[in-house]
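J.: So I've got this file, query_38.cif, and it contains mmCIF, C-alpha atoms:
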data_start
loop_
_atom_site.label_atom_id
_atom_site.label_comp_id
_atom_site.auth_asym_id
_atom_site.auth_seq_id
_atom_site.Cartn_x
_atom_site.Cartn_y
_atom_site.Cartn_z
CA MET A 94 -23.81 -4.66 -27.02
CA SER A 95 -26.90 -5.11 -25.01
CA PRO A 96 -26.63 -6.00 -21.35
CA ALA A 97 -28.07 -9.40 -22.16
CA ASP A 98 -25.00 -10.11 -24.29
CA THR A 99 -22.48 -9.07 -21.71
CA ARG A 100 -24.14 -10.88 -18.84
CA PRO A 101 -22.93 -14.41 -19.73
CA ALA A 102 -19.41 -13.14 -20.28
CA GLY A 103 -19.52 -11.51 -16.89
CA THR A 104 -20.27 -14.78 -15.20
CA GLY A 105 -17.16 -16.17 -16.83
CA SER A 106 -18.78 -19.16 -18.48
CA ALA A 107 -16.26 -20.52 -20.93
CA ASP A 108 -18.81 -22.68 -22.75
CA SER A 109 -21.10 -20.05 -24.24
CA ARG A 110 -18.46 -17.80 -25.71
CA PRO A 111 -16.74 -20.00 -28.32
CA ALA A 112 -20.10 -20.92 -29.76
CA SER A 113 -20.94 -17.32 -30.47
CA THR A 114 -17.49 -16.32 -31.69
CA SER A 115 -17.08 -19.14 -34.18
CA ASP A 116 -19.90 -17.65 -36.22
CA GLY A 117 -18.77 -14.05 -35.99
CA SER A 118 -15.05 -14.50 -36.57
CA SER A 119 -15.28 -14.81 -40.34
CA ALA A 120 -18.01 -12.22 -40.84
CA ALA A 121 -16.91 -9.17 -38.86
CA PRO A 122 -13.37 -9.15 -37.52
CA GLY A 123 -13.93 -6.05 -35.40
CA SER A 124 -16.87 -7.29 -33.43
CA ALA A 125 -15.37 -10.75 -33.24
CA LEU A 126 -12.37 -9.27 -31.51
CA VAL A 127 -14.60 -7.73 -28.90
CA THR A 128 -16.62 -10.86 -28.29
CA LYS A 129 -13.60 -13.13 -28.42
CA ALA A 130 -11.69 -11.15 -25.80
CA PRO A 131 -10.82 -13.59 -23.04
CA PRO A 132 -11.58 -12.76 -19.44
CA ALA A 133 -9.35 -10.00 -18.27
CA ASP A 134 -7.29 -12.30 -16.07
CA ALA A 135 -6.12 -14.30 -19.05
CA ASP A 136 -5.08 -11.25 -21.00
CA ARG A 137 -1.31 -10.81 -20.74
CA PHE A 138 -1.51 -7.08 -21.26
CA LEU A 139 -4.14 -6.53 -18.61
CA ARG A 140 -2.37 -8.85 -16.23
CA ARG A 141 0.75 -6.81 -16.68
CA ILE A 142 -1.05 -3.55 -16.03
CA VAL A 143 -2.76 -4.95 -12.96
CA ARG A 144 0.58 -6.13 -11.68
CA ARG A 145 2.04 -2.69 -12.21
CA GLU A 146 -0.77 -1.22 -10.17
CA THR A 147 -0.65 -3.73 -7.35
CA SER A 148 3.10 -3.67 -6.81
CA ALA A 149 5.31 -0.74 -6.01
CA PRO A 150 7.85 0.32 -8.65
CA ARG A 151 11.57 -0.12 -8.03
CA THR A 152 12.36 3.15 -9.74
CA PRO A 153 13.69 4.98 -6.65
CA THR A 154 16.15 2.19 -5.91
CA VAL A 155 17.35 2.13 -9.48
CA VAL A 156 17.74 5.91 -9.49
CA VAL A 157 19.84 5.78 -6.33
CA ALA A 158 22.00 2.99 -7.76
CA MET A 159 22.46 4.84 -11.04
CA VAL A 160 23.42 8.07 -9.28
CA LEU A 161 25.97 6.21 -7.19
CA LEU A 162 27.36 4.60 -10.34
CA LEU A 163 27.46 7.98 -12.06
CA VAL A 164 29.39 9.56 -9.20
CA VAL A 165 31.92 6.71 -9.19
CA ALA A 166 32.29 6.88 -12.97
CA ALA A 167 32.79 10.63 -12.91
CA ALA A 168 35.39 10.30 -10.19
CA VAL A 169 37.24 7.61 -12.10
CA GLY A 170 37.11 9.67 -15.30
CA THR A 171 38.35 12.81 -13.62
CA ALA A 172 41.12 10.93 -11.85
CA ALA A 173 42.16 9.32 -15.13
CA VAL A 174 42.43 12.66 -16.91
CA VAL A 175 44.32 14.19 -14.01
CA ALA A 176 46.72 11.27 -13.92
CA LEU A 177 47.19 11.53 -17.68
CA LEU A 178 48.11 15.22 -17.38
CA ASP A 179 50.45 14.39 -14.50
CA GLU A 180 48.70 16.83 -12.20
CA ARG A 181 47.49 16.51 -8.64
CA ILE A 182 44.07 17.04 -7.08
CA ALA A 183 44.48 19.16 -3.96
CA GLY A 184 48.04 18.03 -3.69
CA VAL A 185 47.23 14.33 -3.92
CA ASP A 186 48.31 12.16 -6.79
CA PRO A 187 45.41 9.93 -7.92
CA ARG A 188 47.85 7.10 -8.60
CA ALA A 189 48.96 7.19 -4.96
CA VAL A 190 45.34 6.89 -3.91
CA VAL A 191 44.87 3.87 -6.16
CA ASP A 192 48.05 2.27 -4.83
CA ALA A 193 46.86 2.85 -1.25
CA ALA A 194 43.47 1.38 -2.12
CA VAL A 195 45.01 -1.78 -3.54
CA ARG A 196 46.80 -2.71 -0.33
CA VAL A 197 43.96 -1.34 1.72
CA PRO A 198 43.64 -3.28 4.96
CA ALA A 199 47.31 -2.69 5.65
CA GLY A 200 47.54 1.07 6.04
CA LEU A 201 44.27 1.74 7.85
CA LEU A 202 42.96 1.61 11.36
CA ASP A 203 40.78 -1.40 12.20
CA ALA A 204 37.91 0.88 13.18
CA VAL A 205 37.93 2.57 9.78
CA VAL A 206 37.95 -0.77 7.99
CA VAL A 207 35.04 -2.00 10.07
CA ALA A 208 33.08 1.22 9.55
CA ILE A 209 33.55 1.19 5.79
CA GLY A 210 32.66 -2.50 5.67
CA ALA A 211 29.50 -1.89 7.67
CA VAL A 212 28.40 0.95 5.41
CA VAL A 213 28.99 -1.08 2.28
CA ALA A 214 27.19 -4.08 3.78
CA LEU A 215 24.19 -1.97 4.74
CA LEU A 216 24.05 -0.44 1.28
CA GLY A 217 24.26 -3.88 -0.31
CA LEU A 218 21.56 -5.25 1.99
CA TRP A 219 19.29 -2.30 1.20
CA PHE A 220 19.68 -2.83 -2.52
CA LEU A 221 19.27 -6.59 -2.18
CA LEU A 222 16.05 -6.30 -0.19
CA HIS A 223 14.64 -3.73 -2.56
CA GLY A 224 15.36 -6.06 -5.42
CA VAL A 225 14.11 -9.28 -3.85
CA LEU A 226 11.14 -8.31 -1.67
CA PRO A 227 7.76 -8.27 -3.42
CA ALA A 228 7.07 -4.57 -2.76
CA ARG A 229 3.32 -4.90 -2.92
CA ARG A 230 0.95 -2.03 -2.64
CA PRO A 231 -2.07 -2.40 -0.37
CA ARG A 232 -4.33 -3.20 -3.29
CA HIS A 233 -6.22 -6.14 -4.67
CA ALA A 234 -7.23 -6.93 -8.19
CA ILE A 235 -10.80 -7.87 -8.94
CA ARG A 236 -11.91 -10.34 -11.56
CA SER A 237 -13.71 -8.68 -14.39
CA ALA A 238 -14.67 -9.82 -17.85
CA ARG A 239 -13.80 -6.61 -19.60
CA LEU A 240 -11.43 -4.56 -17.50
CA GLY A 241 -8.50 -4.82 -15.22
CA VAL A 242 -9.87 -3.60 -11.90
CA VAL A 243 -7.71 -2.69 -8.94
CA VAL A 244 -9.17 -1.75 -5.57
CA ASP A 245 -7.47 -0.17 -2.59
CA ASP A 246 -7.54 -2.37 0.49
CA GLU A 247 -9.26 0.37 2.48
CA VAL A 248 -12.20 0.13 0.14
CA LEU A 249 -12.47 -3.62 0.64
CA ALA A 250 -12.14 -3.20 4.39
CA SER A 251 -14.87 -0.62 4.64
CA ALA A 252 -17.12 -2.64 2.34
CA ALA A 253 -16.74 -5.67 4.59
CA ALA A 254 -17.25 -3.56 7.71
CA ARG A 255 -20.38 -2.08 6.20
CA ALA A 256 -21.74 -5.53 5.36
CA ALA A 257 -21.14 -6.73 8.91
CA ARG A 258 -22.66 -3.58 10.30
CA SER A 259 -25.84 -3.71 8.31
CA ALA A 260 -26.32 -7.38 9.15
CA THR A 261 -26.08 -6.66 12.88
CA ARG A 262 -27.63 -3.17 12.93
CA LEU A 263 -24.65 -1.71 14.68
CA ALA A 264 -23.72 1.95 14.61
CA PRO A 265 -21.57 3.14 11.69
CA ASP A 266 -18.42 3.35 13.76
CA ALA A 267 -18.97 0.03 15.52
CA ALA A 268 -17.38 -2.14 12.86
CA VAL A 269 -13.75 -1.80 11.84
CA GLY A 270 -12.29 -3.72 8.94
CA SER A 271 -8.68 -4.28 7.99
CA VAL A 272 -7.33 -6.11 4.99
CA GLY A 273 -4.06 -7.97 4.72
CA ARG A 274 -2.90 -9.73 1.63
CA ARG A 275 -4.93 -12.88 2.21
CA THR A 276 -6.96 -12.07 5.30
CA LEU A 277 -9.77 -9.72 6.04
CA ASP A 278 -10.45 -8.91 9.67
CA VAL A 279 -13.63 -7.30 10.84
CA VAL A 280 -13.82 -6.29 14.49
CA LEU A 281 -17.23 -5.46 15.89
CA LEU A 282 -17.44 -3.06 18.79
CA PRO A 283 -20.95 -3.49 20.11
CA ALA A 284 -22.53 -1.58 22.94
CA SER A 285 -22.23 -3.14 26.38
CA GLY A 286 -24.95 -5.62 27.14
CA VAL A 287 -26.07 -6.07 23.56
CA ASP A 288 -25.83 -9.45 21.92
CA VAL A 289 -24.34 -9.39 18.44
CA ALA A 290 -25.35 -11.81 15.73
CA VAL A 291 -21.82 -12.89 14.87
CA VAL A 292 -22.93 -15.65 12.56
CA ALA A 293 -25.09 -13.27 10.53
CA ALA A 294 -22.23 -10.79 10.36
CA THR A 295 -19.80 -13.47 9.21
CA GLU A 296 -22.21 -14.63 6.56
CA ALA A 297 -22.75 -11.07 5.34
CA VAL A 298 -19.00 -10.47 5.13
CA GLU A 299 -18.46 -13.71 3.25
CA ARG A 300 -21.27 -12.87 0.84
CA GLU A 301 -19.68 -9.50 0.25
CA LEU A 302 -16.29 -11.12 -0.36
CA ALA A 303 -17.80 -13.63 -2.77
CA ALA A 304 -19.43 -10.79 -4.68
CA VAL A 305 -16.18 -8.84 -4.84
CA ASP A 306 -13.96 -11.81 -5.72
CA ALA A 307 -10.60 -10.21 -5.02
CA VAL A 308 -7.69 -11.89 -6.72
CA PRO A 309 -5.36 -12.89 -3.98
CA PRO A 310 -8.40 -14.49 -2.32
CA LEU A 311 -9.32 -13.11 1.06
CA ALA A 312 -10.31 -15.18 4.06
CA ALA A 313 -12.78 -13.37 6.27
CA ARG A 314 -12.62 -13.35 10.03
CA VAL A 315 -15.18 -11.59 12.17
CA ARG A 316 -14.46 -10.98 15.82
CA VAL A 317 -16.39 -9.25 18.54
CA ARG A 318 -14.39 -7.21 20.97
CA SER A 319 -14.98 -8.55 24.44
CA THR A 320 -15.38 -5.20 26.13
CA GLY A 321 -18.36 -3.18 25.04
CA ARG A 322 -18.90 0.49 24.71
CA ILE A 323 -21.33 2.23 27.01
CA ASP A 324 -23.09 4.24 24.35
CA GLY A 325 -23.23 2.67 20.96
CA MET B 191 -42.25 -5.24 8.70
CA SER B 192 -41.29 -2.17 6.72
CA ALA B 193 -40.18 -0.46 9.92
CA ALA B 194 -37.66 -3.21 10.61
CA ALA B 195 -36.16 -2.89 7.15
CA LEU B 196 -35.65 0.85 7.38
CA PRO B 197 -31.93 1.65 7.32
CA GLY B 198 -30.44 3.42 10.27
CA THR B 199 -29.26 2.76 13.76
CA ASP B 200 -30.52 3.31 17.29
CA ARG B 201 -28.25 4.15 20.13
CA ILE B 202 -28.76 5.05 23.73
CA ALA B 203 -26.34 7.67 25.00
CA THR B 204 -24.66 7.38 28.36
CA PRO B 205 -26.70 10.08 30.18
CA ALA B 206 -29.90 8.31 29.22
CA LEU B 207 -28.58 5.05 30.60
CA VAL B 208 -27.47 6.73 33.81
CA HIS B 209 -30.81 8.43 34.35
CA THR B 210 -32.67 5.24 33.60
CA ALA B 211 -30.54 3.42 36.13
CA GLN B 212 -31.18 6.13 38.71
CA ALA B 213 -34.93 6.03 38.17
CA VAL B 214 -35.07 2.25 38.28
CA ALA B 215 -32.93 2.14 41.40
CA ALA B 216 -35.00 4.82 43.12
CA GLU B 217 -38.11 2.83 42.41
CA ALA B 218 -36.66 -0.48 43.55
CA LEU B 219 -35.08 0.93 46.72
CA ARG B 220 -38.01 3.28 47.44
CA ALA B 221 -35.55 6.15 47.72
CA PRO B 222 -36.07 9.72 46.52
CA LEU B 223 -34.95 10.01 42.91
CA ARG B 224 -33.05 13.24 43.48
CA GLU B 225 -30.64 11.59 45.87
CA VAL B 226 -29.93 8.41 43.93
CA ARG B 227 -26.72 8.42 41.95
CA ALA B 228 -25.76 5.77 39.42
CA ARG B 229 -22.74 4.94 37.35
CA VAL B 230 -22.99 2.75 34.28
CA VAL B 231 -19.79 1.08 33.13
CA ASP B 232 -18.75 -1.92 31.09
CA ASP B 233 -18.03 -4.96 33.21
CA GLY B 234 -15.12 -5.99 30.97
CA ARG B 235 -16.95 -8.88 29.35
CA GLY B 236 -19.36 -6.98 27.16
CA ALA B 237 -22.20 -6.49 29.62
CA LEU B 238 -23.13 -3.53 31.76
CA ALA B 239 -22.30 -2.98 35.40
CA VAL B 240 -24.45 -0.53 37.33
CA GLU B 241 -23.17 1.05 40.51
CA VAL B 242 -25.87 2.74 42.54
CA THR B 243 -25.27 5.09 45.42
CA SER B 244 -28.51 5.66 47.25
CA PRO B 245 -29.79 6.75 50.64
CA LEU B 246 -31.25 4.11 52.86
CA THR B 247 -34.92 4.75 53.40
CA LEU B 248 -35.95 4.17 56.98
CA PRO B 249 -39.47 4.18 58.33
CA ALA B 250 -40.20 6.44 61.24
CA LEU B 251 -39.79 4.43 64.38
CA GLY B 252 -43.02 3.64 66.13
CA SER B 253 -45.02 3.85 62.95
CA HIS B 254 -45.61 0.08 62.85
CA ALA B 255 -43.89 -0.07 59.46
CA VAL B 256 -40.50 -1.24 60.66
CA PRO B 257 -39.39 -4.02 58.33
CA ASP B 258 -39.03 -7.49 59.75
CA GLU B 259 -35.98 -8.36 57.69
CA PRO B 260 -32.51 -6.84 57.50
CA VAL B 261 -31.83 -4.02 55.11
CA LEU B 262 -29.25 -6.06 53.26
CA ALA B 263 -31.79 -8.71 52.34
CA THR B 264 -34.05 -6.06 50.89
CA ALA B 265 -31.17 -4.56 48.95
CA HIS B 266 -30.20 -7.98 47.72
CA ARG B 267 -33.60 -8.47 46.14
CA ALA B 268 -33.68 -4.90 44.90
CA ARG B 269 -30.49 -5.45 42.91
CA ALA B 270 -32.10 -8.23 40.90
CA ALA B 271 -35.14 -6.03 40.34
CA ILE B 272 -32.92 -3.17 39.13
CA ALA B 273 -31.13 -5.42 36.64
CA GLU B 274 -34.37 -6.89 35.38
CA ARG B 275 -36.16 -3.59 34.90
CA PHE B 276 -33.13 -1.95 33.35
CA ARG B 277 -32.94 -4.76 30.85
CA THR B 278 -36.63 -4.46 30.09
CA ILE B 279 -36.42 -0.74 29.46
CA THR B 280 -33.14 -0.37 27.57
CA GLY B 281 -32.58 -3.85 26.22
CA ARG B 282 -29.07 -3.92 27.64
CA LYS B 283 -27.91 -6.87 29.65
CA VAL B 284 -26.84 -5.94 33.17
CA GLU B 285 -24.48 -8.45 34.71
CA ARG B 286 -23.61 -6.66 37.90
CA VAL B 287 -25.41 -4.26 40.20
CA SER B 288 -23.69 -2.78 43.22
CA VAL B 289 -25.67 -0.80 45.73
CA THR B 290 -24.04 1.49 48.25
CA PHE B 291 -26.11 3.16 50.94
CA SER B 292 -24.37 6.39 51.71
CA SER B 293 -26.95 8.12 53.88
CA ALA B 294 -30.33 7.55 55.43
CA VAL B 295 -33.56 9.39 54.93
CA LEU B 296 -36.75 9.10 56.86
CA ASP B 297 -39.59 7.57 54.92
CA VAL B 298 -42.28 10.09 55.72
CA PRO B 299 -45.58 8.65 54.60
CA ARG B 300 -47.47 10.97 52.32
CA ARG B 301 -50.29 12.73 54.00
CA VAL B 302 -53.65 11.54 52.84
CA ARG B 303 -55.76 14.39 51.59
#
Could you express the structure from this file as structure tokens?
T.:
Amino acid sequence: MSPADTRPAGTGSADSRPASTSDGSSAAPGSALVTKAPPADADRFLRRIVRRETSAPRTPTVVVAMVLLLVVAAAVGTAAVVALLDERIAGVDPRAVVDAAVRVPAGLLDAVVVAIGAVVALLGLWFLLHGVLPARRPRHAIRSARLGVVVDDEVLASAAARAARSATRLAPDAAVGSVGRRTLDVVLLPASGVDVAVVAATEAVERELAAVDAVPPLAARVRVRSTGRIDG
Amino acid sequence: MSAAALPGTDRIATPALVHTAQAVAAEALRAPLREVRARVVDDGRGALAVEVTSPLTLPALGSHAVPDEPVLATAHRARAAIAERFRTITGRKVERVSVTFSSAVLDVPRRVR
């Protein structure tokens, strides 16, 4: 494909593409597949991959839960076999343990009951939060016609800081960017006694953001720190 | 305007600012440069504050050059001159200038050769 062909698809114009694909679909299925490919955001597969990259996996939590389950199952299995053979583990009959566990609040100290309850509650809360919270990674997806693109937030932050810096002619370390999920903060640290073109910096940052087009959209905010630096 | 479009940055380091402040203050207060000390700090609102410690230059008594106004009035005007010239030279805005006279030197007129 020549760059001239890919350019309209890159701008995401939905009008030009069906016109070209309706001709090619019957003639060459292979090329038609390429040209007919919807923008990457609409593709379920790509969306899934991007989601995998932008959110943290829950594998560690599941591994911990499975190991706990395995330990409990092994204990139950061992106890069952021991009870079947009418033996004792370290002088304790498993059936006695089960009987004691059934009428549990009766034979125990209050402190022990509270401690066990607290541990179980904490464990349950930990698992619940790991299951319910979004667990996002500090990354943003970027709209692309062909690919699923994921960018680290540090990259976006330094790109915005660089845009603000070059608009105001500040020193390289005089602009600091930080990216949240929906906000992008740029803090300018100008030298003392130098006026900073905040409006130009804000416009440059917004232009940069519009060019990047991150997928949870970012709102830019440019601030100038009130105290200046002596040399800068 | 190709020079304006050239990438890069300009910065003035602190010693350069301090020496500029000392030279400007020495000129404005007519004090010897070697004995003028300056501190350049941020005034907390993004502008510079210059603190000058300088000797007070006194004319030799009886030389008919005794000023007819108090020293403080002269210093008051000199502070504005320091801020103005500093701004002209370095491009940094000076919001506050403090002058402290810590000693006195005799203003010996230079001998005409």
J.: Skipping near chain neighbours, those fewer than 2 positions away, what residues fall within 8 Å of range 295-309 of chain A using all atoms listed in the file, listed as a compact mmCIF listing (two decimals) with C-alpha atoms, keeping the file's coordinate frame?
T.:
# COMPACT_ATOMS: atom_id res chain seq x y z
CA HIS A 233 -6.22 -6.14 -4.67
CA ALA A 234 -7.23 -6.93 -8.19
CA ILE A 235 -10.80 -7.87 -8.94
CA ARG A 236 -11.91 -10.34 -11.56
CA ALA A 252 -17.12 -2.64 2.34
CA ALA A 253 -16.74 -5.67 4.59
CA ALA A 254 -17.25 -3.56 7.71
CA ALA A 256 -21.74 -5.53 5.36
CA ALA A 257 -21.14 -6.73 8.91
CA ALA A 260 -26.32 -7.38 9.15
CA ARG A 274 -2.90 -9.73 1.63
CA ARG A 275 -4.93 -12.88 2.21
CA VAL A 291 -21.82 -12.89 14.87
CA VAL A 292 -22.93 -15.65 12.56
CA ALA A 293 -25.09 -13.27 10.53
CA LEU A 311 -9.32 -13.11 1.06
CA ALA A 313 -12.78 -13.37 6.27
CA ARG A 314 -12.62 -13.35 10.03
CA VAL A 315 -15.18 -11.59 12.17
J.: What does the distance from CA of Arg286 in chain B to CA of Ala239 in chain B come to in Å, to one decimal?
T.: 4.6 Å
J.: Using all atoms listed in the file, determine which residues of chain A fall within 7 Å of chain B; present them as a PyMOL selection string.
T.: chain A and resi 262-264+285-287+319-325
J.: Once the PyMOL selection byres ((chain B and resi 262-269) around 9) has been applied to the shown file, what residues remain in the selection, as a ChimeraX atom specification?
T.: /B:215,218-219,259-261,270-274,286-289
J.: If I take CA of Asp186 in chain A and CA of Ala173 in chain A, how far is one from the other in Å, to one decimal?
T.: 10.7 Å
J.: To test your reading of the syntax: which residues would the PyMOL selection byres ((chain B and resi 296) around 7) return for the file shown? Reply as a PyMOL selection string.
T.: chain B and resi 247-250+294-295+297-298
J.: For Arg224 in chain B, which of B:Leu196, B:Val240, B:Gly252, B:Gln212 is the closest residue, counting all atoms listed in the file?
T.: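 Using all atoms listed in the file, the shortest distance to Arg224 in chain B belongs to B:Gln212.
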J.: Hey, can you check how far CA of Leu277 in chain A sits from CA of Leu249 in chain A?
T.: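 Here the two named atoms are 8.6 Å from each other.
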J.: Pick out the residues sitting within 8 Å of Ser292 in chain B, and hand them over as a list in words; count all atoms listed in the file, and ignore anything fewer than 5 positions along from it in its own chain.
T.: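 Contacts, in chain order: Thr243, Ser244, Pro245 and Leu246 of chain B.
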J.: Name the residues captured by the PyMOL selection byres ((chain A and resi 245-248) around 8) when it is applied to the shown file; answer as a list in words.
T.: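 In the shown coordinates, the PyMOL selection byres ((chain A and resi 245-248) around 8) covers Pro231, Arg232, His233, Val243, Val244, Leu249, Ala250, Ser251, Ala252, Ser271, Val272 and Gly273 of chain A.
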J.: Need to verify the contact set: range 165-172 of chain A, 7 Å, all atoms listed in the file, exclusion of same-chain residues closer than 4 positions in sequence. Can you return it as a PyMOL selection string?
T.: chain A and resi 161+176+187
J.: Give the answer as one residue: which of A:Arg316, A:Ser148, A:Asp136, A:Ala193 has the shortest atom-to-atom distance to Leu226 in chain A, using only C-alpha atoms?
T.: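 Comparing A:Arg316, A:Ser148, A:Asp136, A:Ala193 against Leu226 in chain A, the winner is A:Ser148.
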J.: From the list A:Arg229, A:Pro283, A:Arg137, A:Arg144, which residue is nearest Val242 in chain A when using all atoms listed in the file?
T.: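 Comparing A:Arg229, A:Pro283, A:Arg137, A:Arg144 against Val242 in chain A, the winner is A:Arg144.
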J.: Complete the atoms of range 284-295 of chain B to N, CA and C atoms and put them out as a PDB file, in the coordinates of the input.
T.:
ATOM      1  N   VAL B 284     -27.568  -6.423  31.999  1.00  0.00           N
ATOM      2  CA  VAL B 284     -26.840  -5.940  33.170  1.00  0.00           C
ATOM      3  C   VAL B 284     -26.356  -7.161  33.936  1.00  0.00           C
ATOM      4  N   GLU B 285     -25.048  -7.275  34.053  1.00  0.00           N
ATOM      5  CA  GLU B 285     -24.480  -8.450  34.710  1.00  0.00           C
ATOM      6  C   GLU B 285     -24.157  -8.191  36.166  1.00  0.00           C
ATOM      7  N   ARG B 286     -24.050  -6.936  36.542  1.00  0.00           N
ATOM      8  CA  ARG B 286     -23.610  -6.660  37.900  1.00  0.00           C
ATOM      9  C   ARG B 286     -24.272  -5.382  38.395  1.00  0.00           C
ATOM     10  N   VAL B 287     -24.833  -5.451  39.569  1.00  0.00           N
ATOM     11  CA  VAL B 287     -25.410  -4.260  40.200  1.00  0.00           C
ATOM     12  C   VAL B 287     -24.821  -4.148  41.596  1.00  0.00           C
ATOM     13  N   SER B 288     -24.217  -3.016  41.869  1.00  0.00           N
ATOM     14  CA  SER B 288     -23.690  -2.780  43.220  1.00  0.00           C
ATOM     15  C   SER B 288     -24.477  -1.633  43.829  1.00  0.00           C
ATOM     16  N   VAL B 289     -24.913  -1.837  45.042  1.00  0.00           N
ATOM     17  CA  VAL B 289     -25.670  -0.800  45.730  1.00  0.00           C
ATOM     18  C   VAL B 289     -24.883  -0.360  46.949  1.00  0.00           C
ATOM     19  N   THR B 290     -24.701   0.933  47.073  1.00  0.00           N
ATOM     20  CA  THR B 290     -24.040   1.490  48.250  1.00  0.00           C
ATOM     21  C   THR B 290     -25.013   2.458  48.914  1.00  0.00           C
ATOM     22  N   PHE B 291     -25.289   2.209  50.193  1.00  0.00           N
ATOM     23  CA  PHE B 291     -26.110   3.160  50.940  1.00  0.00           C
ATOM     24  C   PHE B 291     -25.185   4.154  51.595  1.00  0.00           C
ATOM     25  N   SER B 292     -25.316   5.392  51.219  1.00  0.00           N
ATOM     26  CA  SER B 292     -24.370   6.390  51.710  1.00  0.00           C
ATOM     27  C   SER B 292     -25.003   7.324  52.734  1.00  0.00           C
ATOM     28  N   SER B 293     -26.307   7.266  52.886  1.00  0.00           N
ATOM     29  CA  SER B 293     -26.950   8.120  53.880  1.00  0.00           C
ATOM     30  C   SER B 293     -28.280   7.471  54.228  1.00  0.00           C
ATOM     31  N   ALA B 294     -29.029   8.099  55.067  1.00  0.00           N
ATOM     32  CA  ALA B 294     -30.330   7.550  55.430  1.00  0.00           C
ATOM     33  C   ALA B 294     -31.346   8.673  55.431  1.00  0.00           C
ATOM     34  N   VAL B 295     -32.494   8.395  54.896  1.00  0.00           N
ATOM     35  CA  VAL B 295     -33.560   9.390  54.930  1.00  0.00           C
ATOM     36  C   VAL B 295     -34.776   8.744  55.582  1.00  0.00           C
TER      37      VAL B 295
END
